[in-house]
Amino acid sequence: MNANIVLNPGVKQKDPSRALVIAVSSHAMFELGGELKLHLQKVKQEPEPKSTVKDNEPFREGIAFPFIKAVQQVNKKLLEKNANEMLLFDVILFSNDVSPASQSRVVNSALHYDLEIGRFCFCSDKDFAASLQSNHVKLFLSTDTDEVGKALKEGFPAALLYQQRGQGTTDTLRVLFSGDVLGFSDDMAHFLREQGFSEPQLQSISTAKGAMKEFATVIGEMRRRFGREGSPLCTCLVTVWTPRDACAGALKMLRGWGLEVDEAFCLAGAPQSPILAQIQPHILYDHGLHNARNVPAQC
Amino acid sequence: MSEIKPIAAGNNAAADTGEERDWAAAKAFFDSLKTRKPRPPKPQYAVTIAVSSRTLFDMTKERQIYEEEGVEKYVSHQQEHEDEPLKPGAAFPFVKALMTVNTRLRELYPDCEELFDIVLMTNNHAQVGVRLINSINHYDLTIERFCMTGGKSPIGYLKAYMTNLYLSKDSEKVQEAIEQGIAAATMFTPDTEVQLSDTQLRVAFDGDAVLFSDESEIIVKQHGLDTFFEHEKKYENKPLAQGPLKCFLEALGKLQRKFYARNERMSCPIRTYLVTARSAASSGARVLKTLRSWGLEVDEALFLAGAPKGPLLQKIRPHIFFDDQMFHIEGAKELGTIAAHVPYGIGQKYHKGKLIEQTPKK
């Protein structure tokens with residue numbers, strides 16, 4: 001496997017067996033600009049075009065900034081309660097298409113903004129899933145629905161980083177779970193088939209429930225460190241298609257896994273964009289059912 | 001696009017197709033359910049009524065625990081009693097009446113989306129929500145949509161759900177909603193229980209500062225009744241400006257016309273009343289002409305010429321009565337009418353005709 005792991009000298013490394021490791025796409029964290037064009041054209045082997053920008057100039061802030069700030073707030077509050085806390089967020093930055101010359105620029109940008117990013121993983125496209133695995137990543141996040149879809153296709157749990165309006169929420173981390181995935185049942189499979197979903201796709205939704213359980217259990221444990229009010233970590237449940245009983249069922253299911261969600265919304269077919277615009281989550285975990293609109297086939 | 005909804009549909013083509021797909025999926029799911037429960041209507045065509053948990057159910061005891069012992073004890077208490085259904089609240093009869101109208105509409109128009117859509121809009125914690133959903137199940141209420149905001153203000157969600165009317169026990173939230181252009185009222189539980197119709201939804205409205213703006217009421221308060229009468233006579237043919245509940249009356253009228261179209265005027269399950277302190281002789285004409293200019297009707301217009309509203313409302317037995325003045329709300333409550341206060345206009349600064357001392361806001 002060809003991957004370049006760079007540790008962030010400014011951040012104390014966390015224990016990956018206890019921390020919740022989340023990988024974020026570097027495209028979400030910074031505006032990589034020219035790098036993005038390079039990625040789209042797949043000209044990684046070509047010599048680096050002459051850049052007028054200095055190597056150390058930091059990239060501009062990306063859509064993931066409110067997310068990382070909110071994560072830092074959660075970690076800070078966790079450590080305030082218990083200085084020896086091991087259950088913390090461990091954010092690593094993932095790039096599978098950044099040119100070698102720009103890798104140091106990515107690292108320097110993180111240092112410049114004083115971001116709590118533990119390590120940087122630069123790997124190739126084909127090593128993407130394997131690299132996530134070897135870094136104990138529990139969830140991959142991107143603002144790009146294609147990137148999310150790609151990770152899901154490789155069988156890796158992934159969720160969308162929702163683009164918040166304005167400066168975004170930075171004092172609370174808001175995590176949204178899809179009740180439609182959690183409530184996935186034979187009844188639902190039947191009607192999804194009629195909607196045009198294939199068997200492999202249905203199979204992958206069924207499996208996604210398991211990955212969601214793992215993540216929800218850890219989030220639940222973190223959430224329990226705080227009280228009902230004033231928590232820096234806030235969890236939401238949203239069902240878009242299924243009726244109120246399915247939403248109630250999902251609430252109880254999550255509670256059974258140790259996560260007592262703070263907010264719940266049952267849309268029953270009402271338009272979800274205006275509701276999401278009110279909820280303003282950072283992480284939107286729905287296995288591509290609604291937002292990536294691209295549920296992967298089970299491989 | 002239905003005129004019932006004040007908010008325009010999205011102009012993002014991709015979002016719209018996504019919305020259509022989500023709507024079709026939800027519709028298909030409901031239609032395939034083994035239970036024959038009616039599916040919720042398409043929000044942009046429905047008359048959306050948002051009710052808070054404390055108006056739908058009687059949560060006085062629980063509210064006391066919240067206020068005296070704090071949120072942790074309150075949520076734990078609700079969880080411990082999750083399987084005990086809550087008792088009906090002030091808005092419960094109104095919700096049941098809305099369901100009756102929907103049943104009649106579905107009989108006449110089986111595939112129609114122009115129905116009442118009842119949404120539970122609460123800033124309760126989602127864990128309390130389990131007890132709320134269990135209670136909704138117990139009474140078999142057709143409430144499929146809800147927002148449990150876990151402490152945050154529900155106002156933004158009201159707009160997101162294209163709400164036509166918001167009912168709450170919290171007057172601050174109601175005020176905020178009105179300021180955002182959403183019809184809203186604070187509900188009060190009557191002192192005695194009264195037998196209401198279970199075949200017809202009855203909605204009673206005060207006129208000034210409810211259906212109409214408070215422009216004329218300002219004249220009464222500041223210049224007295226005589227000036228008011230002269231003014232109203234002079235401007236008889238000039239329509240009054242609209243008040244916060246005008247659009248809700250409009251929505252009711254639209255649904256009523258669906259019954260009239262099928263020759264069901266005599267057995268229409270919606271009846272509207274105007275109950276105003278104005279008198280028919282001097283100031284009533286302007287009100288009727290204003291309604292006519294808006295293309296709206298009320299089934300009964302009752303001009304009290306200053307007499308108390310309580311006894312008349314007792315006869316009407318509305319499922320809800322909207323008024324802007326607490327004096328009238330209290331009078332209605334005493335005689336068993338379910339009253340809802342609309343905190344709008346000059347009437348908020350007065351009590352029984354006297355200017356209230358303005359206490360500075362905390």
# chains A, B, ... in the order shown; residues from 1 in each chain; ligands from 1

call {"tool": "residues_around", "arguments": {"residues": "A:Glu214", "least_positions_apart": "6", "cutoff": "12 Å", "atoms": "only C-alpha atoms", "output": "list in words"}}
result
Leu20, Val137, Lys138, Leu139, Pro157, Thr207, Ala208, Gly220, Glu221, Leu254, Trp257, Gly258 and Leu259 of chain A

call {"tool": "interface_residues", "arguments": {"of": "chain B", "to": "chain A", "cutoff": "6 Å", "atoms": "only C-alpha atoms", "output": "VMD selection string"}}
result
chain B and resid 19 22 to 23 26 125 to 126 144 to 150 160

call {"tool": "write_last_selection", "arguments": {"atoms": "C-alpha atoms", "output": "tab-separated table (two decimals), in the first residue's frame"}}
result
chain	number	residue	atom	x	y	z
B	19	GLU	CA	-38.70	16.50	-3.14
B	22	ASP	CA	-39.32	11.79	-1.41
B	23	TRP	CA	-43.04	12.61	-1.56
B	26	ALA	CA	-43.56	8.37	1.41
B	125	HIS	CA	-36.64	16.80	24.20
B	126	ALA	CA	-36.96	13.87	21.77
B	144	GLU	CA	-47.78	11.87	11.24
B	145	ARG	CA	-45.44	14.82	11.20
B	146	PHE	CA	-43.60	16.23	14.15
B	147	CYS	CA	-40.69	18.40	15.20
B	148	MET	CA	-39.16	17.84	18.61
B	149	THR	CA	-36.54	20.51	18.81
B	150	GLY	CA	-34.89	19.53	22.10
B	160	ALA	CA	-40.15	25.19	7.00

call {"tool": "select_by_dssp", "arguments": {"residues": "stretch 132-171 of chain B", "states": "helix (DSSP H, G or I)", "output": "JSON, numbers by chain"}}
result
{"B": [132, 133, 134, 135, 136, 137, 138, 155, 156, 157, 158, 159, 160, 171]}

call {"tool": "closest_residue", "arguments": {"among": "B:Leu167, B:Ala307, B:Ile182, B:Ile49", "to": "B:Asp117", "atoms": "only C-alpha atoms"}}
result
B:Ile49

call {"tool": "residues_around", "arguments": {"residues": "A:Leu161", "least_positions_apart": "3", "cutoff": "7 Å", "atoms": "only C-alpha atoms", "output": "ChimeraX atom specification"}}
result
/A:64,141-143,282-284

call {"tool": "residues_around", "arguments": {"residues": "A:Ser131", "least_positions_apart": "6", "cutoff": "12 Å", "atoms": "only C-alpha atoms", "output": "list in words"}}
result
Met1, Asn2, Ala3, Asn4, Ile5, Ala23, Ile92, Leu93, Phe94, Ser95, Asn96, Phe120, Cys121, Phe122, Cys123, Ser124, Asp125, Val137, Phe140, Ala151, Glu154 and Phe156 of chain A

call {"tool": "residues_around", "arguments": {"residues": "B:His81", "least_positions_apart": "5", "cutoff": "10 Å", "atoms": "only C-alpha atoms", "output": "mmCIF file with N, CA, C and O atoms, in the first residue's frame"}}
result
data_model
loop_
_atom_site.group_PDB
_atom_site.id
_atom_site.type_symbol
_atom_site.label_atom_id
_atom_site.label_comp_id
_atom_site.auth_asym_id
_atom_site.auth_seq_id
_atom_site.Cartn_x
_atom_site.Cartn_y
_atom_site.Cartn_z
ATOM 1 N N VAL B 75 -37.524 15.065 32.202
ATOM 2 C CA VAL B 75 -37.376 14.073 31.134
ATOM 3 C C VAL B 75 -37.443 12.661 31.704
ATOM 4 O O VAL B 75 -38.098 11.781 31.146
ATOM 5 N N SER B 76 -36.771 12.447 32.864
ATOM 6 C CA SER B 76 -36.822 11.114 33.497
ATOM 7 C C SER B 76 -38.249 10.737 33.839
ATOM 8 O O SER B 76 -38.670 9.606 33.610
ATOM 9 N N LEU B 86 -51.177 10.545 27.928
ATOM 10 C CA LEU B 86 -51.493 11.818 28.552
ATOM 11 C C LEU B 86 -52.975 12.124 28.348
ATOM 12 O O LEU B 86 -53.604 11.608 27.426
ATOM 13 N N VAL B 128 -38.833 12.750 25.442
ATOM 14 C CA VAL B 128 -40.217 12.964 25.887
ATOM 15 C C VAL B 128 -41.150 12.586 24.742
ATOM 16 O O VAL B 128 -42.298 12.183 24.948
ATOM 17 N N ARG B 131 -43.292 9.336 24.730
ATOM 18 C CA ARG B 131 -44.582 9.370 25.430
ATOM 19 C C ARG B 131 -45.628 10.106 24.597
ATOM 20 O O ARG B 131 -46.801 9.721 24.560
#

call {"tool": "closest_residue", "arguments": {"among": "B:Gln79, B:Thr100, B:Gln348, B:Ser279", "to": "B:Gln200", "atoms": "only C-alpha atoms"}}
result
B:Thr100

call {"tool": "select_by_dssp", "arguments": {"residues": "stretch 17-50 of chain B", "states": "strand (DSSP E)", "output": "PyMOL selection string"}}
result
chain B and resi 47-50

call {"tool": "residues_around", "arguments": {"residues": "B:Glu334", "least_positions_apart": "4", "cutoff": "8 Å", "atoms": "only C-alpha atoms", "output": "compact mmCIF listing (two decimals) with N, CA, C and O atoms, in the first residue's frame"}}
result
# COMPACT_ATOMS: atom_id res chain seq x y z
N PRO B 190 -60.59 25.91 29.09
CA PRO B 190 -61.78 26.48 29.72
C PRO B 190 -61.96 25.97 31.15
O PRO B 190 -61.46 24.91 31.51
N ASP B 191 -62.70 26.77 31.96
CA ASP B 191 -62.90 26.40 33.37
C ASP B 191 -63.87 25.25 33.52
O ASP B 191 -63.84 24.52 34.50
N THR B 192 -64.79 25.12 32.58
CA THR B 192 -65.73 24.00 32.63
C THR B 192 -65.71 23.29 31.28
O THR B 192 -65.31 23.88 30.28
N GLY B 310 -69.06 36.03 26.27
CA GLY B 310 -69.17 34.72 26.91
C GLY B 310 -70.47 33.98 26.66
O GLY B 310 -70.46 32.84 26.16
N GLU B 330 -60.84 35.75 28.99
CA GLU B 330 -61.22 35.31 30.34
C GLU B 330 -62.73 35.09 30.44
O GLU B 330 -63.18 34.11 31.01

call {"tool": "residues_around", "arguments": {"residues": "B:Gly253", "least_positions_apart": "2", "cutoff": "12 Å", "atoms": "only C-alpha atoms", "output": "compact mmCIF listing (two decimals) with C-alpha atoms, in the first residue's frame"}}
result
# COMPACT_ATOMS: atom_id res chain seq x y z
CA GLU B 3 -53.19 30.02 -2.69
CA ILE B 4 -53.46 28.46 0.77
CA VAL B 47 -53.80 23.62 5.50
CA VAL B 203 -64.26 28.35 14.48
CA LYS B 246 -57.19 36.57 7.97
CA CYS B 247 -55.23 33.96 6.01
CA PHE B 248 -56.50 31.18 8.24
CA LEU B 249 -60.11 32.22 7.58
CA GLU B 250 -59.21 32.24 3.91
CA ALA B 251 -57.86 28.69 4.12
CA LEU B 255 -62.01 24.02 2.09
CA GLN B 256 -65.64 25.03 2.62
CA ARG B 257 -66.04 25.74 -1.09
CA LYS B 258 -65.00 22.15 -1.84
CA PHE B 259 -68.15 21.05 0.00
CA TYR B 260 -70.32 23.69 -1.69
CA ARG B 265 -73.52 23.51 1.82
CA CYS B 268 -70.78 21.46 5.49
CA PRO B 269 -68.57 20.24 8.35
CA ILE B 270 -66.91 23.64 8.73
CA ARG B 271 -68.74 26.65 10.16
CA THR B 272 -67.19 30.06 10.79
CA TYR B 273 -68.37 32.83 13.09
CA LEU B 291 -64.74 40.69 4.04
CA TRP B 294 -61.41 40.07 0.16
CA GLY B 295 -63.74 37.50 -1.34
CA LEU B 296 -64.25 35.93 2.05
CA GLU B 297 -67.36 34.87 3.92
CA VAL B 298 -68.24 33.98 7.47
CA ASP B 299 -71.29 31.80 8.05

call {"tool": "atom_distance", "arguments": {"atom1": "atom CA of A:Glu80", "atom2": "atom CA of A:Arg119"}}
result
23.3 Å

call {"tool": "closest_residue", "arguments": {"among": "A:Val181, A:Ala159, A:Ile117, A:Leu32", "to": "A:Asp90", "atoms": "only C-alpha atoms"}}
result
A:Ile117

call {"tool": "closest_residue", "arguments": {"among": "B:Asp323, B:Glu232, B:Glu172, B:Glu264", "to": "B:Ala204", "atoms": "only C-alpha atoms"}}
result
B:Asp323

call {"tool": "closest_residue", "arguments": {"among": "A:Val11, A:Val21, A:Met212, A:Val71", "to": "A:Ser134", "atoms": "only C-alpha atoms"}}
result
A:Val21

call {"tool": "atom_distance", "arguments": {"atom1": "atom CA of B:Ser32", "atom2": "atom CA of B:Thr142"}}
result
17.0 Å

call {"tool": "closest_residue", "arguments": {"among": "B:Ser293, B:Thr337, B:Gln222, B:Asn134", "to": "B:Leu196", "atoms": "only C-alpha atoms"}}
result
B:Thr337

call {"tool": "decode", "arguments": {"residues": "stretch 283-315 of chain B", "atoms": "N, CA and C atoms", "output": "tab-separated table (two decimals), in the first residue's frame"}}
result
chain	number	residue	atom	x	y	z
B	283	SER	N	-71.02	50.44	13.20
B	283	SER	CA	-69.67	50.15	12.70
B	283	SER	C	-69.56	48.80	12.02
B	284	GLY	N	-70.69	48.09	11.97
B	284	GLY	CA	-70.65	46.74	11.41
B	284	GLY	C	-70.47	46.68	9.91
B	285	ALA	N	-71.03	47.67	9.21
B	285	ALA	CA	-71.02	47.61	7.75
B	285	ALA	C	-69.61	47.51	7.18
B	286	ARG	N	-68.72	48.28	7.77
B	286	ARG	CA	-67.35	48.31	7.22
B	286	ARG	C	-66.71	46.92	7.26
B	287	VAL	N	-67.01	46.20	8.34
B	287	VAL	CA	-66.44	44.87	8.52
B	287	VAL	C	-66.94	43.91	7.44
B	288	LEU	N	-68.25	43.95	7.21
B	288	LEU	CA	-68.83	43.04	6.21
B	288	LEU	C	-68.33	43.39	4.81
B	289	LYS	N	-68.21	44.70	4.56
B	289	LYS	CA	-67.75	45.12	3.24
B	289	LYS	C	-66.28	44.75	3.03
B	290	THR	N	-65.51	44.82	4.10
B	290	THR	CA	-64.10	44.43	4.00
B	290	THR	C	-64.00	42.95	3.63
B	291	LEU	N	-64.77	42.12	4.34
B	291	LEU	CA	-64.74	40.69	4.04
B	291	LEU	C	-65.12	40.43	2.59
B	292	ARG	N	-66.15	41.13	2.15
B	292	ARG	CA	-66.61	40.95	0.77
B	292	ARG	C	-65.51	41.35	-0.21
B	293	SER	N	-64.80	42.44	0.11
B	293	SER	CA	-63.75	42.90	-0.81
B	293	SER	C	-62.61	41.89	-0.89
B	294	TRP	N	-62.44	41.11	0.16
B	294	TRP	CA	-61.41	40.07	0.16
B	294	TRP	C	-61.90	38.77	-0.47
B	295	GLY	N	-63.16	38.73	-0.81
B	295	GLY	CA	-63.74	37.50	-1.34
B	295	GLY	C	-63.95	36.45	-0.27
B	296	LEU	N	-64.09	36.89	0.96
B	296	LEU	CA	-64.25	35.93	2.05
B	296	LEU	C	-65.66	36.01	2.64
B	297	GLU	N	-66.05	34.91	3.26
B	297	GLU	CA	-67.36	34.87	3.92
B	297	GLU	C	-67.17	34.35	5.33
B	298	VAL	N	-68.09	34.73	6.23
B	298	VAL	CA	-68.24	33.98	7.47
B	298	VAL	C	-69.68	33.48	7.46
B	299	ASP	N	-69.93	32.32	8.07
B	299	ASP	CA	-71.29	31.80	8.05
B	299	ASP	C	-72.22	32.63	8.92
B	300	GLU	N	-71.72	33.05	10.08
B	300	GLU	CA	-72.54	33.90	10.96
B	300	GLU	C	-71.72	35.09	11.45
B	301	ALA	N	-72.31	36.27	11.34
B	301	ALA	CA	-71.65	37.48	11.86
B	301	ALA	C	-72.49	37.97	13.03
B	302	LEU	N	-71.87	38.03	14.21
B	302	LEU	CA	-72.62	38.41	15.42
B	302	LEU	C	-72.08	39.71	15.98
B	303	PHE	N	-72.90	40.74	15.95
B	303	PHE	CA	-72.49	42.07	16.43
B	303	PHE	C	-73.04	42.26	17.83
B	304	LEU	N	-72.16	42.40	18.79
B	304	LEU	CA	-72.59	42.44	20.18
B	304	LEU	C	-72.80	43.84	20.73
B	305	ALA	N	-72.35	44.83	19.98
B	305	ALA	CA	-72.47	46.23	20.42
B	305	ALA	C	-71.99	46.39	21.86
B	306	GLY	N	-70.87	45.76	22.16
B	306	GLY	CA	-70.25	45.94	23.47
B	306	GLY	C	-70.69	44.96	24.54
B	307	ALA	N	-71.70	44.13	24.26
B	307	ALA	CA	-72.15	43.16	25.28
B	307	ALA	C	-71.10	42.08	25.46
B	308	PRO	N	-71.09	41.40	26.61
B	308	PRO	CA	-70.08	40.35	26.83
B	308	PRO	C	-70.22	39.21	25.83
B	309	LYS	N	-69.07	38.64	25.45
B	309	LYS	CA	-69.08	37.60	24.41
B	309	LYS	C	-69.37	36.21	24.99
B	310	GLY	N	-69.06	36.03	26.27
B	310	GLY	CA	-69.17	34.72	26.91
B	310	GLY	C	-70.47	33.98	26.66
B	311	PRO	N	-71.64	34.59	27.00
B	311	PRO	CA	-72.91	33.87	26.84
B	311	PRO	C	-73.20	33.46	25.39
B	312	LEU	N	-72.85	34.34	24.46
B	312	LEU	CA	-73.10	34.01	23.06
B	312	LEU	C	-72.24	32.84	22.60
B	313	LEU	N	-70.98	32.86	23.03
B	313	LEU	CA	-70.06	31.78	22.66
B	313	LEU	C	-70.53	30.45	23.26
B	314	GLN	N	-71.13	30.54	24.43
B	314	GLN	CA	-71.66	29.35	25.08
B	314	GLN	C	-72.68	28.66	24.19
B	315	LYS	N	-73.44	29.49	23.46
B	315	LYS	CA	-74.46	28.95	22.56
B	315	LYS	C	-73.81	28.36	21.31
